[in-house]
file upload-v4.cif (mmCIF, C-alpha atoms)
data_start
loop_
_atom_site.group_PDB
_atom_site.id
_atom_site.type_symbol
_atom_site.label_atom_id
_atom_site.label_comp_id
_atom_site.auth_asym_id
_atom_site.auth_seq_id
_atom_site.Cartn_x
_atom_site.Cartn_y
_atom_site.Cartn_z
ATOM 1 C CA MET M 287 0.000 0.000 0.000
ATOM 2 C CA GLU M 288 1.208 3.475 -0.800
ATOM 3 C CA THR M 289 -0.154 7.008 -1.118
ATOM 4 C CA PRO M 290 2.182 9.264 -3.107
ATOM 5 C CA TYR M 291 1.020 12.842 -3.643
ATOM 6 C CA PRO M 292 -1.810 13.626 -4.406
ATOM 7 C CA LYS M 293 -3.489 10.443 -3.105
ATOM 8 C CA PRO M 294 -5.102 11.193 0.278
ATOM 9 C CA ILE M 295 -2.966 10.474 3.321
ATOM 10 C CA SER M 296 -4.179 7.592 5.451
ATOM 11 C CA PRO M 297 -2.796 5.970 8.649
ATOM 12 C CA THR M 298 -3.389 2.534 7.155
ATOM 13 C CA GLN M 299 -1.779 3.196 3.769
ATOM 14 C CA THR M 300 0.682 6.111 3.871
ATOM 15 C CA ARG M 301 4.274 4.978 4.395
ATOM 16 C CA ILE M 302 6.345 7.435 6.428
ATOM 17 C CA GLY M 303 10.119 7.614 6.777
ATOM 18 C CA TRP M 304 11.878 9.612 9.494
ATOM 19 C CA ILE M 305 15.549 10.595 9.702
ATOM 20 C CA GLY M 306 16.816 12.377 12.816
ATOM 21 C CA ILE M 307 15.705 11.186 16.249
ATOM 22 C CA GLY M 308 17.395 13.639 18.602
ATOM 23 C CA VAL M 309 15.684 15.687 21.322
ATOM 24 C CA MET M 310 13.140 17.152 18.909
ATOM 25 C CA GLY M 311 12.891 14.524 16.189
ATOM 26 C CA ALA M 312 12.078 11.583 18.450
ATOM 27 C CA ALA M 313 9.218 13.440 20.116
ATOM 28 C CA MET M 314 7.798 14.568 16.770
ATOM 29 C CA ALA M 315 8.009 11.091 15.266
ATOM 30 C CA SER M 316 6.277 9.560 18.284
ATOM 31 C CA HIS M 317 3.125 11.589 17.537
ATOM 32 C CA LEU M 318 2.874 9.912 14.124
ATOM 33 C CA LEU M 319 3.183 6.473 15.701
ATOM 34 C CA SER M 320 0.564 7.341 18.322
ATOM 35 C CA ALA M 321 -1.825 8.301 15.508
ATOM 36 C CA GLY M 322 -1.449 4.852 13.942
ATOM 37 C CA TYR M 323 0.931 5.603 11.075
ATOM 38 C CA SER M 324 3.532 3.100 9.917
ATOM 39 C CA LEU M 325 6.988 4.571 10.487
ATOM 40 C CA ILE M 326 10.408 3.504 9.277
ATOM 41 C CA ILE M 327 13.361 5.339 10.836
ATOM 42 C CA TYR M 328 17.065 5.747 10.125
ATOM 43 C CA ALA M 329 19.493 6.618 12.887
ATOM 44 C CA ARG M 330 23.279 6.924 12.740
ATOM 45 C CA SER M 331 23.237 5.607 16.327
ATOM 46 C CA PRO M 332 20.616 2.802 16.274
ATOM 47 C CA SER M 333 20.733 2.519 20.079
ATOM 48 C CA LYS M 334 18.921 5.844 20.264
ATOM 49 C CA ALA M 335 15.982 4.337 18.381
ATOM 50 C CA SER M 336 14.887 1.937 21.130
ATOM 51 C CA SER M 337 11.994 4.077 22.373
ATOM 52 C CA LEU M 338 10.494 4.523 18.891
ATOM 53 C CA LEU M 339 11.058 0.866 18.042
ATOM 54 C CA SER M 340 9.156 -0.110 21.186
ATOM 55 C CA GLN M 341 6.237 1.977 19.860
ATOM 56 C CA GLY M 342 6.185 0.019 16.612
ATOM 57 C CA ALA M 343 8.647 1.819 14.333
ATOM 58 C CA HIS M 344 10.900 -0.161 11.991
ATOM 59 C CA LEU M 345 14.602 0.479 11.438
ATOM 60 C CA ALA M 346 16.190 1.128 8.037
ATOM 61 C CA HIS M 347 19.886 0.528 7.436
ATOM 62 C CA SER M 348 20.417 3.558 5.194
ATOM 63 C CA PRO M 349 18.650 6.719 3.975
ATOM 64 C CA HIS M 350 18.223 5.306 0.466
ATOM 65 C CA GLN M 351 16.612 2.115 1.812
ATOM 66 C CA LEU M 352 14.228 4.239 3.876
ATOM 67 C CA ALA M 353 13.360 6.460 0.899
ATOM 68 C CA ARG M 354 12.540 3.499 -1.330
ATOM 69 C CA GLN M 355 9.882 2.374 1.171
ATOM 70 C CA SER M 356 8.316 5.783 1.940
ATOM 71 C CA ASP M 357 5.665 8.097 0.526
ATOM 72 C CA VAL M 358 6.714 10.935 2.855
ATOM 73 C CA VAL M 359 10.224 11.332 4.275
ATOM 74 C CA PHE M 360 10.771 13.674 7.226
ATOM 75 C CA THR M 361 14.259 14.898 8.103
ATOM 76 C CA MET M 362 15.216 16.576 11.383
ATOM 77 C CA VAL M 363 19.003 16.684 11.546
ATOM 78 C CA GLY M 364 21.687 19.057 12.797
ATOM 79 C CA ASN M 365 22.771 21.462 10.062
ATOM 80 C CA PRO M 366 22.691 22.188 6.306
ATOM 81 C CA GLN M 367 25.712 19.959 5.682
ATOM 82 C CA ASP M 368 23.825 16.999 7.172
ATOM 83 C CA VAL M 369 20.765 17.789 5.053
ATOM 84 C CA ASN M 370 22.867 17.994 1.889
ATOM 85 C CA GLN M 371 24.541 14.678 2.662
ATOM 86 C CA ILE M 372 21.335 12.826 3.503
ATOM 87 C CA VAL M 373 19.203 14.209 0.669
ATOM 88 C CA LEU M 374 21.340 15.149 -2.329
ATOM 89 C CA GLN M 375 24.499 13.045 -2.240
ATOM 90 C CA PRO M 376 24.875 9.588 -3.891
ATOM 91 C CA ASN M 377 22.931 7.020 -1.876
ATOM 92 C CA GLY M 378 20.904 9.840 -0.342
ATOM 93 C CA ILE M 379 17.126 10.103 -0.180
ATOM 94 C CA LEU M 380 16.643 11.391 -3.729
ATOM 95 C CA SER M 381 18.626 8.508 -5.210
ATOM 96 C CA THR M 382 15.761 6.062 -4.546
ATOM 97 C CA LEU M 383 12.717 8.218 -3.797
ATOM 98 C CA ASN M 384 9.680 7.168 -5.832
ATOM 99 C CA PRO M 385 7.795 9.607 -8.094
ATOM 100 C CA GLY M 386 5.120 11.502 -6.166
ATOM 101 C CA ALA M 387 6.895 11.098 -2.835
ATOM 102 C CA VAL M 388 7.503 14.164 -0.654
ATOM 103 C CA ILE M 389 10.507 15.227 1.425
ATOM 104 C CA VAL M 390 9.712 17.376 4.474
ATOM 105 C CA ASP M 391 12.808 18.941 6.008
ATOM 106 C CA HIS M 392 12.246 20.156 9.575
ATOM 107 C CA THR M 393 15.931 21.044 10.033
ATOM 108 C CA SER M 394 16.764 24.716 10.522
ATOM 109 C CA SER M 395 18.763 25.017 7.340
ATOM 110 C CA SER M 396 19.753 27.272 4.456
ATOM 111 C CA PRO M 397 17.076 28.848 2.221
ATOM 112 C CA SER M 398 19.280 28.317 -0.848
ATOM 113 C CA LEU M 399 19.694 24.622 0.014
ATOM 114 C CA ALA M 400 15.915 24.312 0.386
ATOM 115 C CA ARG M 401 15.503 25.722 -3.120
ATOM 116 C CA GLN M 402 18.155 23.344 -4.464
ATOM 117 C CA ILE M 403 16.426 20.337 -2.903
ATOM 118 C CA TYR M 404 13.091 21.462 -4.324
ATOM 119 C CA ALA M 405 14.532 21.764 -7.841
ATOM 120 C CA SER M 406 16.251 18.370 -7.597
ATOM 121 C CA ALA M 407 13.096 16.728 -6.272
ATOM 122 C CA ARG M 408 10.975 18.112 -9.103
ATOM 123 C CA GLU M 409 13.463 16.753 -11.654
ATOM 124 C CA LYS M 410 12.654 13.297 -10.296
ATOM 125 C CA GLY M 411 8.897 13.842 -10.198
ATOM 126 C CA CYS M 412 8.994 14.255 -6.425
ATOM 127 C CA TRP M 413 8.258 17.192 -4.109
ATOM 128 C CA SER M 414 9.920 18.883 -1.169
ATOM 129 C CA VAL M 415 8.783 21.194 1.604
ATOM 130 C CA ASP M 416 11.102 23.117 3.901
ATOM 131 C CA ALA M 417 9.315 23.170 7.251
ATOM 132 C CA PRO M 418 11.568 24.207 10.146
ATOM 133 C CA VAL M 419 9.897 24.383 13.541
ATOM 134 C CA SER M 420 9.887 26.571 16.628
ATOM 135 C CA GLY M 421 8.822 25.685 20.153
ATOM 136 C CA GLY M 422 11.710 23.644 21.517
ATOM 137 C CA ASP M 423 11.536 20.282 23.214
ATOM 138 C CA ILE M 424 8.373 21.215 25.137
ATOM 139 C CA GLY M 425 6.525 22.103 21.931
ATOM 140 C CA ALA M 426 7.758 18.876 20.322
ATOM 141 C CA ARG M 427 6.567 16.707 23.222
ATOM 142 C CA GLU M 428 3.203 18.435 23.473
ATOM 143 C CA GLY M 429 2.550 18.578 19.721
ATOM 144 C CA LYS M 430 2.430 22.376 19.816
ATOM 145 C CA LEU M 431 5.243 23.389 17.502
ATOM 146 C CA ALA M 432 5.038 26.321 15.122
ATOM 147 C CA ILE M 433 5.726 24.766 11.702
ATOM 148 C CA LEU M 434 6.930 27.212 9.035
ATOM 149 C CA ALA M 435 6.379 25.739 5.582
ATOM 150 C CA GLY M 436 7.825 26.673 2.205
ATOM 151 C CA GLY M 437 7.102 24.955 -1.115
ATOM 152 C CA GLU M 438 3.962 24.326 -3.142
ATOM 153 C CA ARG M 439 0.806 25.254 -1.225
ATOM 154 C CA PRO M 440 -1.201 22.197 -2.424
ATOM 155 C CA VAL M 441 1.571 19.874 -1.206
ATOM 156 C CA VAL M 442 1.674 21.578 2.199
ATOM 157 C CA GLU M 443 -2.108 21.275 2.443
ATOM 158 C CA TRP M 444 -1.858 17.584 1.484
ATOM 159 C CA LEU M 445 0.581 17.085 4.363
ATOM 160 C CA THR M 446 -1.732 18.728 6.909
ATOM 161 C CA PRO M 447 -2.998 15.461 8.487
ATOM 162 C CA LEU M 448 0.607 14.679 9.443
ATOM 163 C CA LEU M 449 1.802 18.168 10.352
ATOM 164 C CA ASP M 450 -1.247 18.824 12.539
ATOM 165 C CA LEU M 451 -0.115 15.987 14.801
ATOM 166 C CA MET M 452 3.062 17.927 15.584
ATOM 167 C CA GLY M 453 1.797 21.496 15.830
ATOM 168 C CA ARG M 454 0.335 24.359 13.819
ATOM 169 C CA VAL M 455 1.540 24.796 10.251
ATOM 170 C CA THR M 456 1.694 28.165 8.491
ATOM 171 C CA TYR M 457 2.314 28.307 4.747
ATOM 172 C CA MET M 458 4.981 30.967 4.139
ATOM 173 C CA GLY M 459 5.442 30.826 0.350
ATOM 174 C CA GLU M 460 7.692 29.190 -2.226
ATOM 175 C CA ALA M 461 10.644 26.906 -1.497
ATOM 176 C CA GLY M 462 13.066 28.525 0.958
ATOM 177 C CA CYS M 463 10.448 30.747 2.595
ATOM 178 C CA GLY M 464 10.044 28.384 5.541
ATOM 179 C CA GLN M 465 13.779 28.620 6.240
ATOM 180 C CA ASN M 466 13.783 32.401 5.892
ATOM 181 C CA CYS M 467 10.940 32.563 8.400
ATOM 182 C CA LYS M 468 12.899 30.387 10.845
ATOM 183 C CA ILE M 469 15.970 32.618 10.581
ATOM 184 C CA GLY M 470 13.793 35.627 11.433
ATOM 185 C CA ASN M 471 12.304 33.641 14.296
ATOM 186 C CA GLN M 472 15.753 32.849 15.690
ATOM 187 C CA ILE M 473 16.798 36.500 15.542
ATOM 188 C CA MET M 474 13.791 37.343 17.732
ATOM 189 C CA VAL M 475 14.355 34.374 20.075
ATOM 190 C CA GLY M 476 17.971 35.398 20.600
ATOM 191 C CA ALA M 477 17.015 38.976 21.403
ATOM 192 C CA ASN M 478 14.390 37.756 23.874
ATOM 193 C CA LEU M 479 16.943 35.534 25.612
ATOM 194 C CA ILE M 480 19.368 38.438 26.036
ATOM 195 C CA GLY M 481 16.632 40.495 27.693
ATOM 196 C CA LEU M 482 15.546 37.576 29.849
ATOM 197 C CA SER M 483 19.116 36.857 30.981
ATOM 198 C CA GLU M 484 19.961 40.477 31.754
ATOM 199 C CA GLY M 485 16.660 40.997 33.556
ATOM 200 C CA PHE M 486 17.292 38.032 35.854
ATOM 201 C CA VAL M 487 20.900 39.055 36.560
ATOM 202 C CA PHE M 488 19.774 42.595 37.382
ATOM 203 C CA ALA M 489 16.902 41.407 39.588
ATOM 204 C CA GLU M 490 19.135 39.059 41.557
ATOM 205 C CA LYS M 491 21.763 41.769 42.072
ATOM 206 C CA ALA M 492 19.003 44.092 43.279
ATOM 207 C CA GLY M 493 18.004 41.539 45.910
ATOM 208 C CA LEU M 494 14.750 40.364 44.338
ATOM 209 C CA GLU M 495 13.542 36.772 44.653
ATOM 210 C CA LEU M 496 13.636 35.537 41.067
ATOM 211 C CA SER M 497 10.483 33.405 41.113
ATOM 212 C CA LYS M 498 8.447 36.329 42.473
ATOM 213 C CA TYR M 499 10.086 38.663 39.991
ATOM 214 C CA MET M 500 9.104 36.467 37.035
ATOM 215 C CA GLU M 501 5.566 35.983 38.319
ATOM 216 C CA ALA M 502 5.160 39.735 38.786
ATOM 217 C CA ILE M 503 6.195 40.684 35.251
ATOM 218 C CA ARG M 504 5.075 37.738 33.119
ATOM 219 C CA GLY M 505 1.595 39.176 32.563
ATOM 220 C CA GLY M 506 2.896 42.597 31.512
ATOM 221 C CA GLY M 507 4.876 43.933 28.599
ATOM 222 C CA ALA M 508 7.970 41.895 29.553
ATOM 223 C CA GLY M 509 6.087 38.604 29.266
ATOM 224 C CA SER M 510 6.987 36.433 26.293
ATOM 225 C CA MET M 511 6.994 32.885 25.005
ATOM 226 C CA ALA M 512 10.742 32.879 25.680
ATOM 227 C CA MET M 513 9.990 33.568 29.335
ATOM 228 C CA GLU M 514 7.406 30.780 29.457
ATOM 229 C CA LEU M 515 9.759 28.281 27.817
ATOM 230 C CA PHE M 516 13.045 29.243 29.462
ATOM 231 C CA GLY M 517 12.473 31.504 32.482
ATOM 232 C CA ARG M 518 11.916 28.766 35.038
ATOM 233 C CA ARG M 519 14.820 26.775 33.619
ATOM 234 C CA MET M 520 17.149 29.753 34.038
ATOM 235 C CA ILE M 521 16.061 30.252 37.646
ATOM 236 C CA GLU M 522 16.539 26.554 38.462
ATOM 237 C CA ARG M 523 19.871 26.382 36.582
ATOM 238 C CA ASP M 524 18.446 23.744 34.278
ATOM 239 C CA PHE M 525 20.525 24.000 31.130
ATOM 240 C CA LYS M 526 19.568 20.677 29.565
ATOM 241 C CA PRO M 527 19.097 21.229 25.836
ATOM 242 C CA GLY M 528 15.735 21.583 24.208
ATOM 243 C CA ALA M 529 17.598 23.554 21.565
ATOM 244 C CA PHE M 530 21.400 23.451 21.401
ATOM 245 C CA VAL M 531 23.472 26.634 21.670
ATOM 246 C CA GLU M 532 25.644 25.567 18.729
ATOM 247 C CA TYR M 533 22.563 25.264 16.502
ATOM 248 C CA LEU M 534 21.350 28.764 17.401
ATOM 249 C CA VAL M 535 24.793 30.127 16.476
ATOM 250 C CA LYS M 536 24.375 28.391 13.113
ATOM 251 C CA ASP M 537 20.887 29.855 12.629
ATOM 252 C CA LEU M 538 21.922 33.389 13.591
ATOM 253 C CA GLY M 539 24.869 33.105 11.228
ATOM 254 C CA MET M 540 22.514 32.477 8.322
ATOM 255 C CA GLY M 541 20.860 35.813 9.118
ATOM 256 C CA VAL M 542 23.924 37.898 9.931
ATOM 257 C CA ASP M 543 25.987 36.389 7.103
ATOM 258 C CA VAL M 544 23.294 36.564 4.409
ATOM 259 C CA VAL M 545 25.971 37.943 2.043
ATOM 260 C CA LYS M 546 27.190 34.339 1.725
ATOM 261 C CA GLU M 547 24.032 33.505 -0.230
ATOM 262 C CA GLU M 548 25.531 33.912 -3.681
ATOM 263 C CA GLU M 549 22.275 34.686 -5.450
ATOM 264 C CA ASP M 550 21.278 37.317 -2.891
ATOM 265 C CA GLU M 551 23.255 40.555 -3.066
ATOM 266 C CA ARG M 552 21.365 42.233 -0.227
ATOM 267 C CA VAL M 553 23.452 42.859 2.886
ATOM 268 C CA LEU M 554 21.418 43.492 6.019
ATOM 269 C CA VAL M 555 22.871 45.318 9.005
ATOM 270 C CA LEU M 556 21.488 43.521 12.070
ATOM 271 C CA PRO M 557 23.452 44.811 15.067
ATOM 272 C CA GLY M 558 21.317 43.046 17.665
ATOM 273 C CA ALA M 559 21.561 39.692 15.895
ATOM 274 C CA ALA M 560 25.320 40.152 15.465
ATOM 275 C CA LEU M 561 25.743 40.811 19.205
ATOM 276 C CA CYS M 562 23.504 37.866 20.014
ATOM 277 C CA LYS M 563 25.568 35.568 17.789
ATOM 278 C CA GLN M 564 28.742 36.800 19.483
ATOM 279 C CA LEU M 565 27.390 36.060 22.966
ATOM 280 C CA PHE M 566 26.219 32.573 22.045
ATOM 281 C CA SER M 567 29.487 31.943 20.189
ATOM 282 C CA SER M 568 31.325 32.663 23.440
ATOM 283 C CA MET M 569 29.418 29.760 24.990
ATOM 284 C CA VAL M 570 30.611 27.467 22.210
ATOM 285 C CA ALA M 571 34.182 28.715 22.745
ATOM 286 C CA ASN M 572 33.827 27.870 26.447
ATOM 287 C CA GLY M 573 32.783 24.306 25.614
ATOM 288 C CA ASP M 574 29.084 24.947 26.292
ATOM 289 C CA GLY M 575 27.771 24.475 22.756
ATOM 290 C CA LYS M 576 25.753 21.413 23.780
ATOM 291 C CA LEU M 577 23.890 23.275 26.521
ATOM 292 C CA GLY M 578 20.371 24.576 26.021
ATOM 293 C CA ILE M 579 20.026 28.135 24.760
ATOM 294 C CA GLN M 580 18.707 29.241 28.175
ATOM 295 C CA GLY M 581 22.335 28.888 29.287
ATOM 296 C CA LEU M 582 22.947 32.365 27.850
ATOM 297 C CA ILE M 583 22.400 33.698 31.365
ATOM 298 C CA THR M 584 25.798 32.239 32.333
ATOM 299 C CA VAL M 585 27.485 34.570 29.828
ATOM 300 C CA VAL M 586 25.843 37.646 31.338
ATOM 301 C CA GLU M 587 26.796 36.393 34.817
ATOM 302 C CA ARG M 588 30.456 35.918 33.791
ATOM 303 C CA ILE M 589 30.584 39.396 32.322
ATOM 304 C CA ASN M 590 29.401 40.673 35.703
ATOM 305 C CA GLY M 591 31.971 38.705 37.681
ATOM 306 C CA LYS M 592 29.684 35.979 39.029
#
call {"tool": "encode", "arguments": {"input": "upload-v4.cif", "output": "structure tokens"}}
result
Amino acid sequence: METPYPKPISPTQTRIGWIGIGVMGAAMASHLLSAGYSLIIYARSPSKASSLLSQGAHLAHSPHQLARQSDVVFTMVGNPQDVNQIVLQPNGILSTLNPGAVIVDHTSSSPSLARQIYASAREKGCWSVDAPVSGGDIGAREGKLAILAGGERPVVEWLTPLLDLMGRVTYMGEAGCGQNCKIGNQIMVGANLIGLSEGFVFAEKAGLELSKYMEAIRGGGAGSMAMELFGRRMIERDFKPGAFVEYLVKDLGMGVDVVKEEEDERVLVLPGAALCKQLFSSMVANGDGKLGIQGLITVVERINGK
């Protein structure tokens, strides 16, 4: 049984492949299994797949084996280089993907790479959607991610039964627009985290009890989703990653260093994003790149001699 685009998606017939089962990917994939879909997964470290396998997923030995058996292939990996390797290189997804099949890339990646994947997929009679997400590990576990989709609108709409299981999808435009939206999102997230970190450091220095401080201001103009996701973690010194520092540095770089996009001659001056990238980069230099992005507060504390 198979349901390539545009045949309607069905839990009993649509074959789904998933590549990337880290903090976010595993939680997202589990929602598909819970809804009754058949799922085949590929993991570079198969030991990490035990939880999904116990829920009924099957393990593929390579990306091209997975692609051959899938109508929809989701990818949620670390960076654009990983996406390029898994999708476009020999023995990658596109080498065996069947006509009508759809690639959905949830990785925060490069807009130009998203356009390249789309063009390559169409040459094979396939489709691709760039659909990075926002909401961190909590949003992934609760199925409340913001999904930012670029590609063909009818294909995104066709995917809705699957995407709705993971969060709320917004169609942003042609291929690459989902990734551009995510870069803008990360610029705003970074700025929010600077404000959150500095506010907590100031409040503590002023002698305020941090939990009371956050409760007092969260309903006013200072309240934000960043505060709801990361405020309590900062106070409790919980720096476990829902989103890795090193990945945010990568995302901010795609905004600050837009001049590297060869086909785009626009150079944007983004002083706040540049400062934000510098602060997070200092965490990577200190060996903290695998911490959660709420760990930014430690940078502000070090600057202030704590």
call {"tool": "atom_distance", "arguments": {"input": "upload-v4.cif", "atom1": "atom CA of M:Ile327", "atom2": "atom CA of M:Leu352"}}
result
7.1 Å
call {"tool": "atom_distance", "arguments": {"input": "upload-v4.cif", "atom1": "atom CA of M:Arg408", "atom2": "atom CA of M:Leu374"}}
result
12.7 Å
call {"tool": "axis_aligned_box", "arguments": {"input": "upload-v4.cif", "around": "stretch 357-369 of chain M", "padding_each_side": "4 Å", "output": "lines of an AutoDock Vina configuration file"}}
result
center_x = 15.7
center_y = 15.1
center_z = 6.7
size_x = 28.0
size_y = 22.1
size_z = 20.3
call {"tool": "closest_residue", "arguments": {"input": "upload-v4.cif", "among": "M:Thr289, M:Ser316, M:Asn466, M:Ser356", "to": "M:Ser337", "atoms": "all atoms listed in the file"}}
result
M:Ser316
call {"tool": "closest_residue", "arguments": {"input": "upload-v4.cif", "among": "M:Gln351, M:Ser336, M:Thr300, M:Ser414", "to": "M:Asn377", "atoms": "all atoms listed in the file"}}
result
M:Gln351
call {"tool": "residues_around", "arguments": {"input": "upload-v4.cif", "residues": "M:Ala312", "least_positions_apart": "6", "cutoff": "10 Å", "atoms": "only C-alpha atoms", "output": "ChimeraX atom specification"}}
result
/M:304-306,327,334-335,337-338,362,423,426-427
call {"tool": "resolve_selection", "arguments": {"input": "upload-v4.cif", "expression": "the PyMOL selection byres ((chain M and resi 290) around 8)", "output": "list of chain:residue names"}}
result
M:Glu288, M:Thr289, M:Tyr291, M:Pro292, M:Lys293, M:Thr300, M:Asp357, M:Val358, M:Pro385, M:Gly386, M:Ala387, M:Val388
call {"tool": "closest_residue", "arguments": {"input": "upload-v4.cif", "among": "M:Pro447, M:Pro418, M:Gly558, M:Pro297", "to": "M:Leu479", "atoms": "all atoms listed in the file"}}
result
M:Gly558
call {"tool": "closest_residue", "arguments": {"input": "upload-v4.cif", "among": "M:Leu325, M:Val363, M:Ile469, M:Val455", "to": "M:Gln299", "atoms": "only C-alpha atoms"}}
result
M:Leu325
call {"tool": "closest_residue", "arguments": {"input": "upload-v4.cif", "among": "M:Gly485, M:Gly308, M:Phe566, M:Ser395", "to": "M:Met513", "atoms": "all atoms listed in the file"}}
result
M:Gly485
call {"tool": "residues_around", "arguments": {"input": "upload-v4.cif", "residues": "M:Cys463", "least_positions_apart": "5", "cutoff": "7 Å", "atoms": "only C-alpha atoms", "output": "list in words"}}
result
Pro397, Gly436 and Met458 of chain M
call {"tool": "atom_distance", "arguments": {"input": "upload-v4.cif", "atom1": "atom CA of M:Asp537", "atom2": "atom CA of M:Arg504"}}
result
27.1 Å
call {"tool": "residues_around", "arguments": {"input": "upload-v4.cif", "residues": "stretch 473-476 of chain M", "least_positions_apart": "5", "cutoff": "10 Å", "atoms": "only C-alpha atoms", "output": "list in words"}}
result
Ser420, Lys468, Gly481, Leu482, Ser510, Met511, Ala512, Leu534, Val535, Asp537, Leu538, Gly539, Gly541, Val542, Leu556, Gly558, Ala559, Ala560, Leu561, Cys562, Lys563, Leu565, Phe566, Ile579, Gln580 and Leu582 of chain M
call {"tool": "residues_around", "arguments": {"input": "upload-v4.cif", "residues": "M:Tyr499", "least_positions_apart": "4", "cutoff": "9 Å", "atoms": "only C-alpha atoms", "output": "ChimeraX atom specification"}}
result
/M:486,489,494-495,503-504
call {"tool": "closest_residue", "arguments": {"input": "upload-v4.cif", "among": "M:Gly462, M:Asp450, M:Lys410, M:Gln402", "to": "M:Leu318", "atoms": "all atoms listed in the file"}}
result
M:Asp450
call {"tool": "resolve_selection", "arguments": {"input": "upload-v4.cif", "expression": "the PyMOL selection byres ((chain M and resi 367) around 12)", "output": "VMD selection string"}}
result
chain M and resid 363 to 366 368 to 375 393 to 396 399 to 400 536
call {"tool": "residues_near_point", "arguments": {"input": "upload-v4.cif", "point": "(4.7, 11.7, 15.5)", "cutoff": "12 Å", "atoms": "all atoms listed in the file", "output": "CSV table (one decimal) with C-alpha atoms, keeping the file's coordinate frame"}}
result
chain,number,residue,atom,x,y,z
M,297,PRO,CA,-2.8,6.0,8.6
M,302,ILE,CA,6.3,7.4,6.4
M,303,GLY,CA,10.1,7.6,6.8
M,304,TRP,CA,11.9,9.6,9.5
M,307,ILE,CA,15.7,11.2,16.2
M,310,MET,CA,13.1,17.2,18.9
M,311,GLY,CA,12.9,14.5,16.2
M,312,ALA,CA,12.1,11.6,18.4
M,313,ALA,CA,9.2,13.4,20.1
M,314,MET,CA,7.8,14.6,16.8
M,315,ALA,CA,8.0,11.1,15.3
M,316,SER,CA,6.3,9.6,18.3
M,317,HIS,CA,3.1,11.6,17.5
M,318,LEU,CA,2.9,9.9,14.1
M,319,LEU,CA,3.2,6.5,15.7
M,320,SER,CA,0.6,7.3,18.3
M,321,ALA,CA,-1.8,8.3,15.5
M,322,GLY,CA,-1.4,4.9,13.9
M,323,TYR,CA,0.9,5.6,11.1
M,324,SER,CA,3.5,3.1,9.9
M,325,LEU,CA,7.0,4.6,10.5
M,326,ILE,CA,10.4,3.5,9.3
M,327,ILE,CA,13.4,5.3,10.8
M,338,LEU,CA,10.5,4.5,18.9
M,341,GLN,CA,6.2,2.0,19.9
M,342,GLY,CA,6.2,0.0,16.6
M,343,ALA,CA,8.6,1.8,14.3
M,360,PHE,CA,10.8,13.7,7.2
M,426,ALA,CA,7.8,18.9,20.3
M,427,ARG,CA,6.6,16.7,23.2
M,428,GLU,CA,3.2,18.4,23.5
M,429,GLY,CA,2.6,18.6,19.7
M,430,LYS,CA,2.4,22.4,19.8
M,431,LEU,CA,5.2,23.4,17.5
M,447,PRO,CA,-3.0,15.5,8.5
M,448,LEU,CA,0.6,14.7,9.4
M,449,LEU,CA,1.8,18.2,10.4
M,450,ASP,CA,-1.2,18.8,12.5
M,451,LEU,CA,-0.1,16.0,14.8
M,452,MET,CA,3.1,17.9,15.6
M,453,GLY,CA,1.8,21.5,15.8
call {"tool": "resolve_selection", "arguments": {"input": "upload-v4.cif", "expression": "the PyMOL selection byres ((chain M and resi 330) around 9)", "output": "list in words"}}
result
Gly306, Tyr328, Ala329, Ser331, Pro332, Ser333, Lys334, His347 and Ser348 of chain M
